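Here is the structure we will look at, set down as structure tokens.
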Amino acid sequence: MNGFPTDLLAGERYAVCGLGRNGAAVVDALLGMGAEVQAWDDRNPTLSPHDRLTLAPLTDLSGMTALVLSPGIPHLLPTPHPVAELARAQGIQILSDAELLYRAVRKAGSQARFAAVTGTNGKSTTTALLAHLLQSAGVPCAAGGNLGTASLALPLLPDNGVYVIEMSSYMLERLDDFHASTACLLNITPDHLDRHGDMDGYAAAKAHVFDNMTSDDLAAIGQDDPWCQKIADDVAPQGVTVTFLDPDAVPEFVGDALPGRHNLQNVAAAWAMARHLGLSDDDIRKGLASFPGLEHRLQKIAERDGVAFVNDSKATNAEAASKALGSYERVMWIAGGTAKAGGIDMLVPWFDRIAQAFLIGRDAAILAETLKAHNVPFTLCETLDRAVPAAFEAALAEGVKTVLLSPACASFDQFRSFEDRGSHFLQICDNIVKSGHSGEMLTTEQEG
């Protein structure tokens, strides 16, 4: 399966708890490598039958090689899942599938290297960019983890291959032997504190990305927060080469696919890691020139009459939207959905970049109150189908070059996911470009 020997894990037994996207992929991969698996999910578990698969509650883990918990299931805080408590009581390791991938690759005899990417923000873009740079230079590469394909579902690579793994704090706290040839920590800001207890616990989880590294390895670390600085101070004495990420040191313009200062840091990280993995600066420049950007993250998807449409549907909170607003001088801003705590109050410093706002979704009125208090013009549009053509017409009328979807809100009031929201935005923009007209104009009153 995926190039791994079908008897690689013969005689080993694994327990898998949680059968969502990650857990189901783990079960398939383990079975494909010859292991026996007992799997369970607290909510209606369903898997295809297999003669080495037992689908039953995990009430006894004795004899298991390890327990694989899906990333979202806590093993310590805020309350450990009963299966995690059982594993500790019976002395069974609790591992992430990234750890299992590393072990499987080495057991299969491959010396393929691992590049690990973490940080509170920017890790998906950096992961995708590094993988693109490697692939463009002809290096066998597979990317996944927290982004896209589950780690253990990635194929076996040859000795000159590179695995680029996006790692969440949930995955990092369940590593053991995993050894990255190069790893980056982009930044640390408060997140997942219920899971890690406090910022010290969260930072400690992130620091695991540098476990087992040696003097042959490279750690690329952001320098914009004290947590990263402290981790760098702890890593350097191990003999690991540490490079600090400096957005201002990125040597040249990197293209429309990566706007904004925050993306310059992502480029700096991918550049440093790619060089450590053997790419030349020329290889990297060529790869940057062809990088299409990551879907739903400041993705320029269309242009008409000098107006660019930018899909940043992944911005499901105000902090993420601030990165987008900070990337453009002037925008027609489409926002709204299910607001997070604090709404858009933190975006006030960027309000002068908003020519007009076009608000959609359940909590549009909450956003409108904040905008009104700061004299930002807005229109209550209710839906994307109304907001996009209205924003385009306003952009043409006022000479604004960018229509930006960066909702600062969750999507579940009107869409299945932020991906669904972004895809619908793309479809509307595509229709505008192809039709030659913007669509029906709004008659709702503009306020503010």
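Residue names in the structure tokens use chain letters A, B, ... in the order shown, residue numbers from 1 in each chain, and ligand numbers from 1 in the order shown.
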| task | Tell me, as a PyMOL selection string, which residues lie within 9 Å of segment 112-129 of chain A, counting only C-alpha atoms; anything in the same chain fewer than 5 positions away does not count. | result | chain A and resi 102+105-106+134+143-144+146-147+156-169+172+178-191+206+209-210+222+258+262-263+265-267+269-270+273+277+287-288+291+293-294+297+320
| message | Taking 3 positions as the minimum chain separation for residues in the same chain, which residues sit within 7 Å of Val37 of chain A when counting only C-alpha atoms? Answer as an MDAnalysis selection string. | response | chainID A and resid 13:15 27 31 52:54
Can I get the selected residues back with all heavy atoms, as a short mmCIF file (atom, residue, chain, number, x, y, z; two decimals), in the first residue's frame?
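As written to disk, part_18.cif reads:
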```cif
data_model
loop_
_atom_site.label_atom_id
_atom_site.label_comp_id
_atom_site.auth_asym_id
_atom_site.auth_seq_id
_atom_site.Cartn_x
_atom_site.Cartn_y
_atom_site.Cartn_z
N ARG A 13 0.16 -4.89 16.82
CA ARG A 13 -1.26 -4.61 17.07
C ARG A 13 -1.39 -3.16 17.51
O ARG A 13 -0.67 -2.70 18.40
CB ARG A 13 -1.83 -5.53 18.15
CG ARG A 13 -1.81 -7.00 17.78
CD ARG A 13 -2.36 -7.84 18.94
NE ARG A 13 -3.74 -7.49 19.25
CZ ARG A 13 -4.20 -7.28 20.49
NH1 ARG A 13 -3.39 -7.36 21.52
NH2 ARG A 13 -5.47 -6.99 20.68
N TYR A 14 -2.33 -2.45 16.91
CA TYR A 14 -2.54 -1.04 17.22
C TYR A 14 -3.99 -0.79 17.59
O TYR A 14 -4.91 -1.41 17.03
CB TYR A 14 -2.18 -0.16 16.02
CG TYR A 14 -0.70 -0.11 15.75
CD1 TYR A 14 -0.10 -1.08 14.94
CD2 TYR A 14 0.09 0.89 16.30
CE1 TYR A 14 1.26 -1.04 14.69
CE2 TYR A 14 1.46 0.93 16.05
CZ TYR A 14 2.03 -0.04 15.24
OH TYR A 14 3.39 0.00 15.01
N ALA A 15 -4.17 0.10 18.55
CA ALA A 15 -5.52 0.59 18.88
C ALA A 15 -5.66 1.98 18.27
O ALA A 15 -4.74 2.81 18.36
CB ALA A 15 -5.70 0.66 20.39
N VAL A 27 -6.15 3.76 10.12
CA VAL A 27 -6.58 2.36 10.10
C VAL A 27 -6.24 1.73 8.74
O VAL A 27 -5.66 0.64 8.66
CB VAL A 27 -8.09 2.24 10.39
CG1 VAL A 27 -8.57 0.81 10.14
CG2 VAL A 27 -8.38 2.64 11.83
N LEU A 31 -3.49 -1.37 8.32
CA LEU A 31 -3.91 -2.65 7.74
C LEU A 31 -3.12 -2.95 6.47
O LEU A 31 -2.71 -4.09 6.24
CB LEU A 31 -5.41 -2.61 7.43
CG LEU A 31 -6.36 -2.56 8.63
CD1 LEU A 31 -7.79 -2.33 8.17
CD2 LEU A 31 -6.26 -3.84 9.46
N ARG A 52 -8.18 -8.38 9.59
CA ARG A 52 -7.31 -7.99 10.70
C ARG A 52 -7.83 -6.76 11.44
O ARG A 52 -7.10 -6.16 12.22
CB ARG A 52 -5.89 -7.72 10.18
CG ARG A 52 -5.10 -9.02 9.93
CD ARG A 52 -3.67 -8.75 9.47
NE ARG A 52 -3.63 -8.53 8.03
CZ ARG A 52 -3.45 -7.36 7.45
NH1 ARG A 52 -3.29 -6.28 8.19
NH2 ARG A 52 -3.42 -7.26 6.13
N LEU A 53 -9.09 -6.43 11.21
CA LEU A 53 -9.70 -5.26 11.88
C LEU A 53 -10.79 -5.71 12.83
O LEU A 53 -11.69 -6.47 12.46
CB LEU A 53 -10.29 -4.31 10.84
CG LEU A 53 -11.14 -3.16 11.39
CD1 LEU A 53 -10.30 -2.21 12.24
CD2 LEU A 53 -11.81 -2.40 10.25
N THR A 54 -10.69 -5.25 14.07
CA THR A 54 -11.76 -5.44 15.04
C THR A 54 -12.37 -4.07 15.33
O THR A 54 -11.66 -3.14 15.73
CB THR A 54 -11.23 -6.04 16.35
OG1 THR A 54 -10.61 -7.30 16.06
CG2 THR A 54 -12.35 -6.24 17.36
#
```
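The shell of residues at most 6 Å from Ser406 of chain A, with only C-alpha atoms counted and near chain neighbours (fewer than 2 positions) removed, consists of Asp312, Ser313, Ala315, Ala321, Ala335, Leu404 and Ala408 of chain A.
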Store the residues picked out above in a file with all heavy atoms, as a short mmCIF file (atom, residue, chain, number, x, y, z; two decimals), in the first residue's frame.
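Written out: again-v1.cif:
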```cif
data_model
loop_
_atom_site.label_atom_id
_atom_site.label_comp_id
_atom_site.auth_asym_id
_atom_site.auth_seq_id
_atom_site.Cartn_x
_atom_site.Cartn_y
_atom_site.Cartn_z
N ASP A 312 -9.95 34.73 0.73
CA ASP A 312 -9.31 34.45 2.02
C ASP A 312 -10.34 33.86 2.97
O ASP A 312 -10.43 34.25 4.13
CB ASP A 312 -8.70 35.74 2.57
CG ASP A 312 -7.75 35.48 3.75
OD1 ASP A 312 -6.95 34.54 3.66
OD2 ASP A 312 -7.82 36.23 4.74
N SER A 313 -11.11 32.91 2.46
CA SER A 313 -12.19 32.33 3.25
C SER A 313 -11.68 31.63 4.50
O SER A 313 -12.42 31.46 5.47
CB SER A 313 -12.99 31.34 2.40
OG SER A 313 -14.08 30.81 3.11
N ALA A 315 -9.90 32.82 6.66
CA ALA A 315 -9.85 33.78 7.77
C ALA A 315 -11.16 33.69 8.56
O ALA A 315 -12.11 34.45 8.34
CB ALA A 315 -9.64 35.19 7.25
N ALA A 321 -8.10 37.76 9.66
CA ALA A 321 -8.52 38.82 8.74
C ALA A 321 -7.59 40.02 8.80
O ALA A 321 -7.41 40.73 7.81
CB ALA A 321 -9.95 39.24 9.05
N ALA A 335 -17.30 40.39 4.50
CA ALA A 335 -17.08 39.74 5.79
C ALA A 335 -18.41 39.30 6.39
O ALA A 335 -19.49 39.74 5.98
CB ALA A 335 -16.37 40.71 6.75
N LEU A 404 -12.01 41.76 -1.55
CA LEU A 404 -11.42 40.79 -0.63
C LEU A 404 -12.49 40.09 0.20
O LEU A 404 -13.22 40.72 0.96
CB LEU A 404 -10.46 41.52 0.32
CG LEU A 404 -9.90 40.73 1.51
CD1 LEU A 404 -8.99 39.61 1.03
CD2 LEU A 404 -9.18 41.66 2.48
N ALA A 408 -13.56 36.93 8.71
CA ALA A 408 -13.36 37.16 10.14
C ALA A 408 -14.40 36.43 10.98
O ALA A 408 -14.59 36.75 12.16
CB ALA A 408 -13.37 38.65 10.48
#
```
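Residues with any atom within 7 Å of segment 69-85 of chain A, counting only C-alpha atoms and excluding same-chain neighbours fewer than 3 positions away, are Val16, Cys17, Gly18, Asn22, Gly23, Leu58, Arg88, Ala89, Ile94, Leu95, Ser96, Tyr170, Met171, Asp194, Arg195, His196 and Gly197 of chain A.
When only C-alpha atoms are used to compute distances to Asn431 of chain A, the closest of the residues A:Pro389, A:Pro349, A:Pro259, A:Pro377 turns out to be A:Pro389.
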| What is the distance between atom CA of Ala24 of chain A and atom CA of Ser48 of chain A, in Å to one decimal? | 10.0 Å
| query | In Å to one decimal, how far is atom CA of Arg304 of chain A from atom CA of Val433 of chain A? | reply | 5.9 Å
| query | Between A:Asp200, A:Asp217, A:Glu319, A:Asp282, which one has atoms that come closest to Gly342 of chain A, using only C-alpha atoms? | reply | A:Glu319
| query | If we count only C-alpha atoms, what is near Ala318 of chain A at a cut-off of 10 Å, once residues fewer than 3 positions away on the same chain are taken out, given as number ranges by chain? | reply | A: 315, 321-324, 339-347, 406-409
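Taking atom CA of Ala10 of chain A and atom CA of Gly91 of chain A as the two end points, the separation is 21.5 Å.
Compared by their closest atoms to Leu130 of chain A, and using only C-alpha atoms, the residues A:Asp7, A:Leu100, A:Ile284, A:His50 rank with A:Ile284 nearest.
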| Closest to Gly11 of chain A among A:Met64, A:Asn44, A:Leu426, A:Leu245, using only C-alpha atoms? | A:Met64
| Taking the backbone alone, and naming residues the way the document does, which bits of segment 25-98 of chain A are strand (DSSP E) by DSSP, as a PyMOL selection string? | chain A and resi 36-40+53-55+66-69+94-95
Could you take the residues named above and write them with C-alpha atoms, as a PDB file, in the first residue's frame?
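Output saved as part.pdb:
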```
ATOM      1  CA  GLU A  36      -3.758  -5.910  13.352  1.00  0.00           C
ATOM      2  CA  VAL A  37      -6.032  -3.039  14.369  1.00  0.00           C
ATOM      3  CA  GLN A  38      -8.767  -2.547  16.923  1.00  0.00           C
ATOM      4  CA  ALA A  39     -10.611   0.699  16.264  1.00  0.00           C
ATOM      5  CA  TRP A  40     -13.452   2.611  17.824  1.00  0.00           C
ATOM      6  CA  LEU A  53      -9.697  -5.264  11.882  1.00  0.00           C
ATOM      7  CA  THR A  54     -11.758  -5.438  15.042  1.00  0.00           C
ATOM      8  CA  LEU A  55     -14.359  -2.699  15.418  1.00  0.00           C
ATOM      9  CA  ALA A  66       0.584   1.720  20.663  1.00  0.00           C
ATOM     10  CA  LEU A  67      -2.617   3.734  20.882  1.00  0.00           C
ATOM     11  CA  VAL A  68      -3.238   6.248  18.110  1.00  0.00           C
ATOM     12  CA  LEU A  69      -5.596   8.994  19.246  1.00  0.00           C
ATOM     13  CA  ILE A  94       0.028   7.235  22.882  1.00  0.00           C
ATOM     14  CA  LEU A  95       1.325   8.333  19.478  1.00  0.00           C
TER      15      LEU A  95
END
```
| task | Mind listing the helix (DSSP H, G or I) residues of segment 17-122 of chain A, per DSSP on the backbone, as a ChimeraX atom specification? | result | /A:21-32,82-90,97-107
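Among the candidate residues A:Phe378, A:Gln135, A:Pro155, A:Thr59, the one lying nearest to Gly3 of chain A is A:Pro155, with distances computed using only C-alpha atoms.
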